[in-house]
Amino acid sequence: MTQTYLKEKQLKKKRAMKGVYAIIIAGVVFIFIMVKFAISGDVTEVLSFSKMPNADDAYKIAKEFVIPTIRSGNTSFPDDRYQFGKKADSVFIIKSYVLSTDSQGETNRTNFEVILKYNGGPKFLKKNWNLVDINETPE
């Protein structure tokens, strides 16, 4: 009688530990999703686990590579007027222009073509992209 009681107690303990492990695993998954959301700030990206950047993502990063090459500090990009192309192996081509205002108030337009390679990771971080080529032509 004592042995059956001890065996039942051990079985209950094993079942309880399985429940604890399941709760721990669910907690880890929840924390992973929350951290991913906190890093990206975009619910659709977290829920879809989309890794590949789209045209808008590549354009945003291309602007970050173009801004340091423009001499004047006041620049503006047309967010709806750019051309986008994608090659194999996560290579993106962005063509657009930037308007800059110099110290005398004169507005200059510079056309640019940026070729970027996406290396993986969060697509909104510049460090996850390599600048393959950049061509600028003042107008």
# chains A, B, ... in the order shown; residues from 1 in each chain; ligands from 1
>>> residues_around(residues="segment 56-61 of chain A", least_positions_apart="4", cutoff="7 Å", atoms="only C-alpha atoms", output="NGL selection string")
:A and (65 or 92 or 94 or 123-124 or 126)
>>> residues_around(residues="Ile70 of chain A", least_positions_apart="6", cutoff="9 Å", atoms="only C-alpha atoms", output="short mmCIF file (atom, residue, chain, number, x, y, z; two decimals) with all heavy atoms, in the first residue's frame")
data_model
loop_
_atom_site.label_atom_id
_atom_site.label_comp_id
_atom_site.auth_asym_id
_atom_site.auth_seq_id
_atom_site.Cartn_x
_atom_site.Cartn_y
_atom_site.Cartn_z
N VAL A 98 17.11 63.69 -55.06
CA VAL A 98 17.06 64.40 -53.79
C VAL A 98 17.13 65.90 -54.09
O VAL A 98 17.86 66.33 -54.99
CB VAL A 98 18.20 63.96 -52.84
CG1 VAL A 98 19.56 64.19 -53.46
CG2 VAL A 98 18.11 64.64 -51.49
N SER A 100 18.04 69.54 -52.56
CA SER A 100 18.82 70.14 -51.48
C SER A 100 18.83 71.65 -51.64
O SER A 100 18.81 72.17 -52.75
CB SER A 100 20.24 69.59 -51.47
OG SER A 100 20.88 69.87 -52.69
N THR A 110 19.56 66.46 -57.38
CA THR A 110 20.59 65.47 -57.68
C THR A 110 19.92 64.12 -57.90
O THR A 110 19.24 63.61 -57.00
CB THR A 110 21.60 65.36 -56.52
OG1 THR A 110 22.15 66.66 -56.28
CG2 THR A 110 22.71 64.39 -56.86
#
>>> residues_around(residues="Lys51 of chain A", least_positions_apart="5", cutoff="9 Å", atoms="only C-alpha atoms", output="tab-separated table (two decimals) with N, CA, C and O atoms, in the first residue's frame")
chain	number	residue	atom	x	y	z
A	45	GLU	N	5.22	42.90	-39.16
A	45	GLU	CA	6.50	42.23	-39.33
A	45	GLU	C	6.69	41.13	-38.30
A	45	GLU	O	7.19	40.07	-38.59
A	120	GLY	N	20.75	40.26	-44.45
A	120	GLY	CA	19.94	39.56	-43.45
A	120	GLY	C	19.90	40.33	-42.15
A	120	GLY	O	20.64	41.28	-41.95
A	121	GLY	N	19.02	39.91	-41.27
A	121	GLY	CA	18.84	40.61	-40.00
A	121	GLY	C	17.72	41.61	-40.12
A	121	GLY	O	16.99	41.64	-41.11
A	122	PRO	N	17.56	42.45	-39.10
A	122	PRO	CA	16.50	43.47	-39.18
A	122	PRO	C	16.72	44.39	-40.39
A	122	PRO	O	17.77	44.98	-40.54
A	123	LYS	N	15.71	44.47	-41.23
A	123	LYS	CA	15.87	45.19	-42.50
A	123	LYS	C	15.90	46.70	-42.34
A	123	LYS	O	16.23	47.40	-43.27
>>> closest_residue(among="A:Ala62, A:Met52, A:Thr75, A:Pro68", to="Lys95 of chain A", atoms="only C-alpha atoms")
A:Ala62
>>> residues_around(residues="Tyr118 of chain A", least_positions_apart="6", cutoff="8 Å", atoms="only C-alpha atoms", output="VMD selection string")
chain A and resid 90 to 92 128 to 130
>>> write_last_selection(atoms="N, CA and C atoms", output="short mmCIF file (atom, residue, chain, number, x, y, z; two decimals), in the first residue's frame")
data_model
loop_
_atom_site.label_atom_id
_atom_site.label_comp_id
_atom_site.auth_asym_id
_atom_site.auth_seq_id
_atom_site.Cartn_x
_atom_site.Cartn_y
_atom_site.Cartn_z
N SER A 90 19.47 39.06 -53.12
CA SER A 90 19.12 40.20 -52.27
C SER A 90 19.83 41.49 -52.67
N VAL A 91 19.94 41.74 -53.95
CA VAL A 91 20.52 42.99 -54.45
C VAL A 91 19.38 43.86 -54.95
N PHE A 92 19.36 45.10 -54.47
CA PHE A 92 18.29 46.03 -54.78
C PHE A 92 18.87 47.26 -55.47
N ASN A 128 22.94 46.20 -41.72
CA ASN A 128 22.60 44.93 -42.36
C ASN A 128 22.58 45.05 -43.88
N TRP A 129 23.01 46.16 -44.40
CA TRP A 129 23.06 46.42 -45.84
C TRP A 129 24.47 46.80 -46.24
N ASN A 130 24.87 46.40 -47.45
CA ASN A 130 26.14 46.83 -48.03
C ASN A 130 25.85 47.72 -49.23
#
>>> select_by_dssp(residues="chain A", states="alpha helix (DSSP H)", output="PDB file with N, CA, C and O atoms, in the first residue's frame")
ATOM      1  N   THR A   2       1.951   1.233   0.765  1.00  0.00           N
ATOM      2  CA  THR A   2       2.836   2.374   0.851  1.00  0.00           C
ATOM      3  C   THR A   2       3.542   2.610  -0.475  1.00  0.00           C
ATOM      4  O   THR A   2       3.722   3.752  -0.896  1.00  0.00           O
ATOM      5  N   GLN A   3       3.925   1.509  -1.150  1.00  0.00           N
ATOM      6  CA  GLN A   3       4.618   1.647  -2.433  1.00  0.00           C
ATOM      7  C   GLN A   3       3.698   2.210  -3.506  1.00  0.00           C
ATOM      8  O   GLN A   3       4.125   3.030  -4.321  1.00  0.00           O
ATOM      9  N   THR A   4       2.445   1.807  -3.541  1.00  0.00           N
ATOM     10  CA  THR A   4       1.527   2.350  -4.548  1.00  0.00           C
ATOM     11  C   THR A   4       1.279   3.836  -4.298  1.00  0.00           C
ATOM     12  O   THR A   4       1.155   4.616  -5.228  1.00  0.00           O
ATOM     13  N   TYR A   5       1.210   4.214  -3.039  1.00  0.00           N
ATOM     14  CA  TYR A   5       1.038   5.625  -2.713  1.00  0.00           C
ATOM     15  C   TYR A   5       2.240   6.439  -3.192  1.00  0.00           C
ATOM     16  O   TYR A   5       2.104   7.514  -3.767  1.00  0.00           O
ATOM     17  N   LEU A   6       3.450   5.906  -2.976  1.00  0.00           N
ATOM     18  CA  LEU A   6       4.666   6.600  -3.405  1.00  0.00           C
ATOM     19  C   LEU A   6       4.753   6.681  -4.925  1.00  0.00           C
ATOM     20  O   LEU A   6       5.171   7.699  -5.481  1.00  0.00           O
ATOM     21  N   LYS A   7       4.337   5.588  -5.618  1.00  0.00           N
ATOM     22  CA  LYS A   7       4.357   5.600  -7.088  1.00  0.00           C
ATOM     23  C   LYS A   7       3.363   6.620  -7.629  1.00  0.00           C
ATOM     24  O   LYS A   7       3.658   7.338  -8.584  1.00  0.00           O
ATOM     25  N   GLU A   8       2.177   6.688  -7.025  1.00  0.00           N
ATOM     26  CA  GLU A   8       1.185   7.674  -7.460  1.00  0.00           C
ATOM     27  C   GLU A   8       1.707   9.101  -7.240  1.00  0.00           C
ATOM     28  O   GLU A   8       1.502   9.983  -8.069  1.00  0.00           O
ATOM     29  N   LYS A   9       2.374   9.294  -6.117  1.00  0.00           N
ATOM     30  CA  LYS A   9       2.929  10.607  -5.812  1.00  0.00           C
ATOM     31  C   LYS A   9       4.007  10.989  -6.829  1.00  0.00           C
ATOM     32  O   LYS A   9       4.077  12.136  -7.285  1.00  0.00           O
ATOM     33  N   GLN A  10       4.846  10.018  -7.224  1.00  0.00           N
ATOM     34  CA  GLN A  10       5.881  10.279  -8.229  1.00  0.00           C
ATOM     35  C   GLN A  10       5.258  10.592  -9.586  1.00  0.00           C
ATOM     36  O   GLN A  10       5.728  11.470 -10.318  1.00  0.00           O
ATOM     37  N   LEU A  11       4.195   9.878  -9.963  1.00  0.00           N
ATOM     38  CA  LEU A  11       3.517  10.131 -11.240  1.00  0.00           C
ATOM     39  C   LEU A  11       2.913  11.538 -11.262  1.00  0.00           C
ATOM     40  O   LEU A  11       2.993  12.247 -12.269  1.00  0.00           O
ATOM     41  N   LYS A  12       2.289  11.930 -10.141  1.00  0.00           N
ATOM     42  CA  LYS A  12       1.725  13.282 -10.067  1.00  0.00           C
ATOM     43  C   LYS A  12       2.821  14.336 -10.184  1.00  0.00           C
ATOM     44  O   LYS A  12       2.641  15.367 -10.821  1.00  0.00           O
ATOM     45  N   LYS A  13       3.957  14.057  -9.556  1.00  0.00           N
ATOM     46  CA  LYS A  13       5.078  14.995  -9.617  1.00  0.00           C
ATOM     47  C   LYS A  13       5.595  15.118 -11.046  1.00  0.00           C
ATOM     48  O   LYS A  13       5.897  16.216 -11.519  1.00  0.00           O
ATOM     49  N   LYS A  14       5.687  13.985 -11.766  1.00  0.00           N
ATOM     50  CA  LYS A  14       6.146  14.007 -13.162  1.00  0.00           C
ATOM     51  C   LYS A  14       5.184  14.813 -14.027  1.00  0.00           C
ATOM     52  O   LYS A  14       5.603  15.604 -14.880  1.00  0.00           O
ATOM     53  N   ARG A  15       3.857  14.600 -13.841  1.00  0.00           N
ATOM     54  CA  ARG A  15       2.867  15.332 -14.621  1.00  0.00           C
ATOM     55  C   ARG A  15       2.939  16.830 -14.306  1.00  0.00           C
ATOM     56  O   ARG A  15       2.818  17.666 -15.194  1.00  0.00           O
ATOM     57  N   ALA A  16       3.135  17.169 -13.066  1.00  0.00           N
ATOM     58  CA  ALA A  16       3.244  18.576 -12.680  1.00  0.00           C
ATOM     59  C   ALA A  16       4.476  19.214 -13.305  1.00  0.00           C
ATOM     60  O   ALA A  16       4.437  20.355 -13.770  1.00  0.00           O
ATOM     61  N   MET A  17       5.581  18.493 -13.338  1.00  0.00           N
ATOM     62  CA  MET A  17       6.810  19.023 -13.939  1.00  0.00           C
ATOM     63  C   MET A  17       6.643  19.222 -15.443  1.00  0.00           C
ATOM     64  O   MET A  17       7.154  20.196 -16.011  1.00  0.00           O
ATOM     65  N   LYS A  18       5.898  18.316 -16.107  1.00  0.00           N
ATOM     66  CA  LYS A  18       5.630  18.493 -17.535  1.00  0.00           C
ATOM     67  C   LYS A  18       4.841  19.782 -17.764  1.00  0.00           C
ATOM     68  O   LYS A  18       5.084  20.517 -18.717  1.00  0.00           O
ATOM     69  N   GLY A  19       3.881  20.052 -16.889  1.00  0.00           N
ATOM     70  CA  GLY A  19       3.110  21.294 -16.978  1.00  0.00           C
ATOM     71  C   GLY A  19       3.987  22.512 -16.774  1.00  0.00           C
ATOM     72  O   GLY A  19       3.843  23.520 -17.465  1.00  0.00           O
ATOM     73  N   VAL A  20       4.896  22.429 -15.826  1.00  0.00           N
ATOM     74  CA  VAL A  20       5.819  23.536 -15.575  1.00  0.00           C
ATOM     75  C   VAL A  20       6.696  23.779 -16.800  1.00  0.00           C
ATOM     76  O   VAL A  20       6.906  24.917 -17.214  1.00  0.00           O
ATOM     77  N   TYR A  21       7.192  22.711 -17.412  1.00  0.00           N
ATOM     78  CA  TYR A  21       8.026  22.856 -18.618  1.00  0.00           C
ATOM     79  C   TYR A  21       7.229  23.484 -19.759  1.00  0.00           C
ATOM     80  O   TYR A  21       7.743  24.331 -20.500  1.00  0.00           O
ATOM     81  N   ALA A  22       5.968  23.075 -19.906  1.00  0.00           N
ATOM     82  CA  ALA A  22       5.128  23.642 -20.965  1.00  0.00           C
ATOM     83  C   ALA A  22       4.920  25.139 -20.739  1.00  0.00           C
ATOM     84  O   ALA A  22       4.972  25.943 -21.675  1.00  0.00           O
ATOM     85  N   ILE A  23       4.710  25.533 -19.491  1.00  0.00           N
ATOM     86  CA  ILE A  23       4.528  26.952 -19.174  1.00  0.00           C
ATOM     87  C   ILE A  23       5.812  27.730 -19.449  1.00  0.00           C
ATOM     88  O   ILE A  23       5.771  28.845 -19.985  1.00  0.00           O
ATOM     89  N   ILE A  24       6.951  27.151 -19.109  1.00  0.00           N
ATOM     90  CA  ILE A  24       8.235  27.815 -19.358  1.00  0.00           C
ATOM     91  C   ILE A  24       8.461  28.002 -20.856  1.00  0.00           C
ATOM     92  O   ILE A  24       8.873  29.076 -21.307  1.00  0.00           O
ATOM     93  N   ILE A  25       8.178  26.984 -21.649  1.00  0.00           N
ATOM     94  CA  ILE A  25       8.350  27.074 -23.109  1.00  0.00           C
ATOM     95  C   ILE A  25       7.423  28.141 -23.686  1.00  0.00           C
ATOM     96  O   ILE A  25       7.832  28.951 -24.522  1.00  0.00           O
ATOM     97  N   ALA A  26       6.167  28.157 -23.224  1.00  0.00           N
ATOM     98  CA  ALA A  26       5.224  29.175 -23.698  1.00  0.00           C
ATOM     99  C   ALA A  26       5.711  30.572 -23.310  1.00  0.00           C
ATOM    100  O   ALA A  26       5.601  31.517 -24.097  1.00  0.00           O
ATOM    101  N   GLY A  27       6.285  30.711 -22.133  1.00  0.00           N
ATOM    102  CA  GLY A  27       6.821  32.001 -21.699  1.00  0.00           C
ATOM    103  C   GLY A  27       7.982  32.461 -22.555  1.00  0.00           C
ATOM    104  O   GLY A  27       8.087  33.640 -22.900  1.00  0.00           O
ATOM    105  N   VAL A  28       8.864  31.535 -22.915  1.00  0.00           N
ATOM    106  CA  VAL A  28      10.015  31.872 -23.759  1.00  0.00           C
ATOM    107  C   VAL A  28       9.542  32.328 -25.142  1.00  0.00           C
ATOM    108  O   VAL A  28      10.050  33.319 -25.689  1.00  0.00           O
ATOM    109  N   VAL A  29       8.559  31.627 -25.711  1.00  0.00           N
ATOM    110  CA  VAL A  29       8.020  32.015 -27.016  1.00  0.00           C
ATOM    111  C   VAL A  29       7.386  33.406 -26.921  1.00  0.00           C
ATOM    112  O   VAL A  29       7.589  34.258 -27.790  1.00  0.00           O
ATOM    113  N   PHE A  30       6.636  33.658 -25.864  1.00  0.00           N
ATOM    114  CA  PHE A  30       6.003  34.965 -25.664  1.00  0.00           C
ATOM    115  C   PHE A  30       7.052  36.065 -25.552  1.00  0.00           C
ATOM    116  O   PHE A  30       6.926  37.126 -26.179  1.00  0.00           O
ATOM    117  N   ILE A  31       8.090  35.832 -24.788  1.00  0.00           N
ATOM    118  CA  ILE A  31       9.152  36.824 -24.631  1.00  0.00           C
ATOM    119  C   ILE A  31       9.848  37.081 -25.960  1.00  0.00           C
ATOM    120  O   ILE A  31      10.146  38.221 -26.307  1.00  0.00           O
ATOM    121  N   PHE A  32      10.088  36.016 -26.753  1.00  0.00           N
ATOM    122  CA  PHE A  32      10.713  36.172 -28.063  1.00  0.00           C
ATOM    123  C   PHE A  32       9.868  37.080 -28.961  1.00  0.00           C
ATOM    124  O   PHE A  32      10.388  37.995 -29.606  1.00  0.00           O
ATOM    125  N   ILE A  33       8.566  36.853 -28.983  1.00  0.00           N
ATOM    126  CA  ILE A  33       7.678  37.662 -29.823  1.00  0.00           C
ATOM    127  C   ILE A  33       7.651  39.103 -29.333  1.00  0.00           C
ATOM    128  O   ILE A  33       7.688  40.043 -30.135  1.00  0.00           O
ATOM    129  N   MET A  34       7.627  39.305 -28.032  1.00  0.00           N
ATOM    130  CA  MET A  34       7.609  40.672 -27.498  1.00  0.00           C
ATOM    131  C   MET A  34       8.906  41.418 -27.805  1.00  0.00           C
ATOM    132  O   MET A  34       8.882  42.602 -28.141  1.00  0.00           O
ATOM    133  N   VAL A  35      10.040  40.743 -27.700  1.00  0.00           N
ATOM    134  CA  VAL A  35      11.321  41.383 -28.017  1.00  0.00           C
ATOM    135  C   VAL A  35      11.379  41.730 -29.495  1.00  0.00           C
ATOM    136  O   VAL A  35      11.813  42.812 -29.880  1.00  0.00           O
ATOM    137  N   LYS A  36      10.927  40.819 -30.352  1.00  0.00           N
ATOM    138  CA  LYS A  36      10.921  41.082 -31.788  1.00  0.00           C
ATOM    139  C   LYS A  36      10.028  42.277 -32.104  1.00  0.00           C
ATOM    140  O   LYS A  36      10.381  43.131 -32.914  1.00  0.00           O
ATOM    141  N   PHE A  37       8.892  42.377 -31.437  1.00  0.00           N
ATOM    142  CA  PHE A  37       8.002  43.519 -31.632  1.00  0.00           C
ATOM    143  C   PHE A  37       8.655  44.806 -31.145  1.00  0.00           C
ATOM    144  O   PHE A  37       8.578  45.850 -31.788  1.00  0.00           O
ATOM    145  N   ALA A  38       9.312  44.753 -30.002  1.00  0.00           N
ATOM    146  CA  ALA A  38       9.944  45.948 -29.445  1.00  0.00           C
ATOM    147  C   ALA A  38      11.069  46.450 -30.344  1.00  0.00           C
ATOM    148  O   ALA A  38      11.265  47.648 -30.485  1.00  0.00           O
ATOM    149  N   ILE A  39      11.790  45.537 -30.955  1.00  0.00           N
ATOM    150  CA  ILE A  39      12.898  45.928 -31.827  1.00  0.00           C
ATOM    151  C   ILE A  39      12.370  46.537 -33.124  1.00  0.00           C
ATOM    152  O   ILE A  39      12.838  47.566 -33.574  1.00  0.00           O
ATOM    153  N   SER A  40      11.370  45.898 -33.728  1.00  0.00           N
ATOM    154  CA  SER A  40      10.903  46.361 -35.035  1.00  0.00           C
ATOM    155  C   SER A  40       9.882  47.477 -34.936  1.00  0.00           C
ATOM    156  O   SER A  40       9.853  48.368 -35.777  1.00  0.00           O
ATOM    157  N   VAL A  43       3.858  45.609 -36.023  1.00  0.00           N
ATOM    158  CA  VAL A  43       3.120  44.397 -35.669  1.00  0.00           C
ATOM    159  C   VAL A  43       3.080  43.420 -36.829  1.00  0.00           C
ATOM    160  O   VAL A  43       3.244  42.220 -36.641  1.00  0.00           O
ATOM    161  N   THR A  44       2.887  43.905 -38.055  1.00  0.00           N
ATOM    162  CA  THR A  44       2.788  42.995 -39.192  1.00  0.00           C
ATOM    163  C   THR A  44       4.092  42.244 -39.413  1.00  0.00           C
ATOM    164  O   THR A  44       4.081  41.088 -39.799  1.00  0.00           O
ATOM    165  N   GLU A  45       5.221  42.904 -39.161  1.00  0.00           N
ATOM    166  CA  GLU A  45       6.502  42.232 -39.333  1.00  0.00           C
ATOM    167  C   GLU A  45       6.688  41.131 -38.304  1.00  0.00           C
ATOM    168  O   GLU A  45       7.195  40.067 -38.593  1.00  0.00           O
ATOM    169  N   VAL A  46       6.246  41.370 -37.083  1.00  0.00           N
ATOM    170  CA  VAL A  46       6.394  40.386 -36.016  1.00  0.00           C
ATOM    171  C   VAL A  46       5.510  39.179 -36.289  1.00  0.00           C
ATOM    172  O   VAL A  46       5.927  38.038 -36.154  1.00  0.00           O
ATOM    173  N   LEU A  47       4.276  39.426 -36.692  1.00  0.00           N
ATOM    174  CA  LEU A  47       3.337  38.329 -36.876  1.00  0.00           C
ATOM    175  C   LEU A  47       3.615  37.527 -38.141  1.00  0.00           C
ATOM    176  O   LEU A  47       3.351  36.345 -38.195  1.00  0.00           O
ATOM    177  N   SER A  48       4.137  38.159 -39.171  1.00  0.00           N
ATOM    178  CA  SER A  48       4.399  37.444 -40.411  1.00  0.00           C
ATOM    179  C   SER A  48       5.804  36.854 -40.453  1.00  0.00           C
ATOM    180  O   SER A  48       6.091  36.016 -41.276  1.00  0.00           O
ATOM    181  N   ALA A  55      10.283  47.183 -51.413  1.00  0.00           N
ATOM    182  CA  ALA A  55      10.785  48.374 -52.090  1.00  0.00           C
ATOM    183  C   ALA A  55      10.921  49.549 -51.124  1.00  0.00           C
ATOM    184  O   ALA A  55      11.919  50.275 -51.165  1.00  0.00           O
ATOM    185  N   ASP A  56       9.941  49.740 -50.258  1.00  0.00           N
ATOM    186  CA  ASP A  56      10.002  50.861 -49.317  1.00  0.00           C
ATOM    187  C   ASP A  56      11.161  50.721 -48.338  1.00  0.00           C
ATOM    188  O   ASP A  56      11.823  51.704 -48.007  1.00  0.00           O
ATOM    189  N   ASP A  57      11.420  49.501 -47.883  1.00  0.00           N
ATOM    190  CA  ASP A  57      12.539  49.263 -46.964  1.00  0.00           C
ATOM    191  C   ASP A  57      13.873  49.612 -47.632  1.00  0.00           C
ATOM    192  O   ASP A  57      14.724  50.278 -47.039  1.00  0.00           O
ATOM    193  N   ALA A  58      14.046  49.157 -48.864  1.00  0.00           N
ATOM    194  CA  ALA A  58      15.289  49.430 -49.593  1.00  0.00           C
ATOM    195  C   ALA A  58      15.440  50.926 -49.861  1.00  0.00           C
ATOM    196  O   ALA A  58      16.547  51.476 -49.770  1.00  0.00           O
ATOM    197  N   TYR A  59      14.337  51.610 -50.162  1.00  0.00           N
ATOM    198  CA  TYR A  59      14.392  53.056 -50.422  1.00  0.00           C
ATOM    199  C   TYR A  59      14.798  53.825 -49.167  1.00  0.00           C
ATOM    200  O   TYR A  59      15.602  54.760 -49.228  1.00  0.00           O
ATOM    201  N   LYS A  60      14.257  53.436 -48.028  1.00  0.00           N
ATOM    202  CA  LYS A  60      14.615  54.103 -46.768  1.00  0.00           C
ATOM    203  C   LYS A  60      16.115  53.968 -46.483  1.00  0.00           C
ATOM    204  O   LYS A  60      16.774  54.921 -46.068  1.00  0.00           O
ATOM    205  N   ILE A  61      16.663  52.783 -46.708  1.00  0.00           N
ATOM    206  CA  ILE A  61      18.086  52.568 -46.463  1.00  0.00           C
ATOM    207  C   ILE A  61      18.917  53.308 -47.508  1.00  0.00           C
ATOM    208  O   ILE A  61      19.971  53.875 -47.196  1.00  0.00           O
ATOM    209  N   ALA A  62      18.453  53.334 -48.759  1.00  0.00           N
ATOM    210  CA  ALA A  62      19.181  54.054 -49.815  1.00  0.00           C
ATOM    211  C   ALA A  62      19.311  55.533 -49.458  1.00  0.00           C
ATOM    212  O   ALA A  62      20.365  56.137 -49.661  1.00  0.00           O
ATOM    213  N   LYS A  63      18.259  56.108 -48.892  1.00  0.00           N
ATOM    214  CA  LYS A  63      18.316  57.511 -48.479  1.00  0.00           C
ATOM    215  C   LYS A  63      19.397  57.723 -47.422  1.00  0.00           C
ATOM    216  O   LYS A  63      20.093  58.743 -47.443  1.00  0.00           O
ATOM    217  N   GLU A  64      19.566  56.766 -46.530  1.00  0.00           N
ATOM    218  CA  GLU A  64      20.598  56.887 -45.498  1.00  0.00           C
ATOM    219  C   GLU A  64      22.006  56.885 -46.095  1.00  0.00           C
ATOM    220  O   GLU A  64      22.916  57.483 -45.536  1.00  0.00           O
ATOM    221  N   PHE A  65      22.183  56.182 -47.221  1.00  0.00           N
ATOM    222  CA  PHE A  65      23.491  56.181 -47.882  1.00  0.00           C
ATOM    223  C   PHE A  65      23.706  57.440 -48.724  1.00  0.00           C
ATOM    224  O   PHE A  65      24.841  57.856 -48.936  1.00  0.00           O
ATOM    225  N   VAL A  66      22.637  58.046 -49.215  1.00  0.00           N
ATOM    226  CA  VAL A  66      22.755  59.230 -50.077  1.00  0.00           C
ATOM    227  C   VAL A  66      22.974  60.501 -49.263  1.00  0.00           C
ATOM    228  O   VAL A  66      23.761  61.369 -49.662  1.00  0.00           O
TER     229      VAL A  66
END
>>> select_by_dssp(residues="chain A", states="strand (DSSP E)", output="short mmCIF file (atom, residue, chain, number, x, y, z; two decimals) with N, CA and C atoms, in the first residue's frame")
data_model
loop_
_atom_site.label_atom_id
_atom_site.label_comp_id
_atom_site.auth_asym_id
_atom_site.auth_seq_id
_atom_site.Cartn_x
_atom_site.Cartn_y
_atom_site.Cartn_z
N ASN A 74 20.22 70.69 -45.82
CA ASN A 74 18.77 70.63 -45.94
C ASN A 74 18.39 69.80 -47.16
N THR A 75 17.97 68.58 -46.97
CA THR A 75 17.63 67.69 -48.09
C THR A 75 16.20 67.18 -47.93
N SER A 76 15.59 66.89 -49.06
CA SER A 76 14.26 66.27 -49.04
C SER A 76 14.17 65.27 -50.18
N GLN A 83 12.21 54.59 -58.41
CA GLN A 83 12.14 53.34 -59.17
C GLN A 83 12.88 52.27 -58.38
N PHE A 84 12.35 51.08 -58.44
CA PHE A 84 12.87 49.99 -57.64
C PHE A 84 13.09 48.77 -58.53
N GLY A 85 14.24 48.13 -58.37
CA GLY A 85 14.52 46.89 -59.07
C GLY A 85 15.20 45.92 -58.12
N LYS A 86 14.97 44.64 -58.36
CA LYS A 86 15.57 43.63 -57.49
C LYS A 86 16.26 42.59 -58.36
N LYS A 87 17.49 42.29 -58.00
CA LYS A 87 18.24 41.25 -58.67
C LYS A 87 18.30 40.03 -57.75
N VAL A 91 19.94 41.74 -53.95
CA VAL A 91 20.52 42.99 -54.45
C VAL A 91 19.38 43.86 -54.95
N PHE A 92 19.36 45.10 -54.47
CA PHE A 92 18.29 46.03 -54.78
C PHE A 92 18.87 47.26 -55.47
N ILE A 93 18.13 47.78 -56.46
CA ILE A 93 18.53 48.98 -57.19
C ILE A 93 17.44 50.02 -56.97
N ILE A 94 17.85 51.18 -56.50
CA ILE A 94 16.93 52.28 -56.25
C ILE A 94 17.37 53.48 -57.10
N LYS A 95 16.42 54.05 -57.86
CA LYS A 95 16.68 55.27 -58.64
C LYS A 95 15.69 56.33 -58.21
N SER A 96 16.21 57.50 -57.89
CA SER A 96 15.35 58.60 -57.49
C SER A 96 16.15 59.90 -57.55
N TYR A 97 15.69 60.90 -56.84
CA TYR A 97 16.41 62.17 -56.76
C TYR A 97 16.25 62.75 -55.36
N VAL A 98 17.11 63.69 -55.06
CA VAL A 98 17.06 64.40 -53.79
C VAL A 98 17.13 65.90 -54.09
N LEU A 99 16.31 66.65 -53.39
CA LEU A 99 16.34 68.10 -53.50
C LEU A 99 17.09 68.64 -52.30
N SER A 100 18.04 69.54 -52.56
CA SER A 100 18.82 70.14 -51.48
C SER A 100 18.83 71.65 -51.64
N THR A 101 18.85 72.33 -50.51
CA THR A 101 18.87 73.79 -50.51
C THR A 101 20.21 74.24 -49.93
N THR A 107 17.77 75.89 -54.69
CA THR A 107 17.41 74.47 -54.63
C THR A 107 18.11 73.72 -55.76
N ASN A 108 18.77 72.64 -55.40
CA ASN A 108 19.48 71.81 -56.37
C ASN A 108 18.85 70.41 -56.37
N ARG A 109 18.79 69.84 -57.55
CA ARG A 109 18.26 68.48 -57.69
C ARG A 109 19.42 67.57 -58.09
N THR A 110 19.56 66.46 -57.38
CA THR A 110 20.59 65.47 -57.68
C THR A 110 19.92 64.12 -57.90
N ASN A 111 20.08 63.59 -59.10
CA ASN A 111 19.57 62.24 -59.38
C ASN A 111 20.56 61.23 -58.84
N PHE A 112 20.04 60.12 -58.35
CA PHE A 112 20.94 59.09 -57.84
C PHE A 112 20.43 57.69 -58.17
N GLU A 113 21.39 56.79 -58.24
CA GLU A 113 21.11 55.36 -58.39
C GLU A 113 21.96 54.65 -57.34
N VAL A 114 21.30 53.88 -56.49
CA VAL A 114 21.97 53.18 -55.40
C VAL A 114 21.75 51.69 -55.59
N ILE A 115 22.82 50.93 -55.51
CA ILE A 115 22.72 49.47 -55.54
C ILE A 115 23.12 48.96 -54.16
N LEU A 116 22.20 48.24 -53.52
CA LEU A 116 22.39 47.74 -52.16
C LEU A 116 22.28 46.23 -52.12
N LYS A 117 23.01 45.64 -51.20
CA LYS A 117 22.90 44.20 -50.96
C LYS A 117 22.43 44.02 -49.53
N TYR A 118 21.34 43.27 -49.38
CA TYR A 118 20.80 42.98 -48.05
C TYR A 118 21.47 41.73 -47.51
N TRP A 129 23.01 46.16 -44.40
CA TRP A 129 23.06 46.42 -45.84
C TRP A 129 24.47 46.80 -46.24
N ASN A 130 24.87 46.40 -47.45
CA ASN A 130 26.14 46.83 -48.03
C ASN A 130 25.85 47.72 -49.23
N LEU A 131 26.58 48.81 -49.32
CA LEU A 131 26.48 49.68 -50.47
C LEU A 131 27.37 49.11 -51.57
N VAL A 132 26.76 48.65 -52.65
CA VAL A 132 27.51 48.08 -53.76
C VAL A 132 28.01 49.20 -54.68
N ASP A 133 27.11 50.13 -55.00
CA ASP A 133 27.49 51.22 -55.90
C ASP A 133 26.52 52.38 -55.68
N ILE A 134 27.02 53.58 -55.89
CA ILE A 134 26.18 54.77 -55.83
C ILE A 134 26.63 55.71 -56.94
N ASN A 135 25.67 56.17 -57.74
CA ASN A 135 25.94 57.12 -58.82
C ASN A 135 25.04 58.32 -58.62
N GLU A 136 25.65 59.50 -58.65
CA GLU A 136 24.89 60.74 -58.49
C GLU A 136 25.19 61.66 -59.66
N THR A 137 24.17 62.30 -60.17
CA THR A 137 24.35 63.26 -61.24
C THR A 137 23.54 64.51 -60.90
N PRO A 138 24.23 65.63 -60.68
CA PRO A 138 23.51 66.88 -60.42
C PRO A 138 22.77 67.35 -61.68
#
>>> atom_distance(atom1="atom CA of Glu106 of chain A", atom2="atom CA of Asp80 of chain A")
23.2 Å
>>> atom_distance(atom1="atom CA of Ser72 of chain A", atom2="atom CA of Ser103 of chain A")
7.5 Å
>>> closest_residue(among="A:Asp102, A:Glu139, A:Asp89, A:Asp79", to="Asn119 of chain A", atoms="only C-alpha atoms")
A:Asp89
>>> decode(residues="segment 82-88 of chain A", atoms="C-alpha atoms", output="compact mmCIF listing (two decimals), in the first residue's frame")
# COMPACT_ATOMS: atom_id res chain seq x y z
CA TYR A 82 11.40 56.32 -56.97
CA GLN A 83 12.14 53.34 -59.17
CA PHE A 84 12.87 49.99 -57.64
CA GLY A 85 14.52 46.89 -59.07
CA LYS A 86 15.57 43.63 -57.49
CA LYS A 87 18.24 41.25 -58.67
CA ALA A 88 19.11 37.80 -57.40
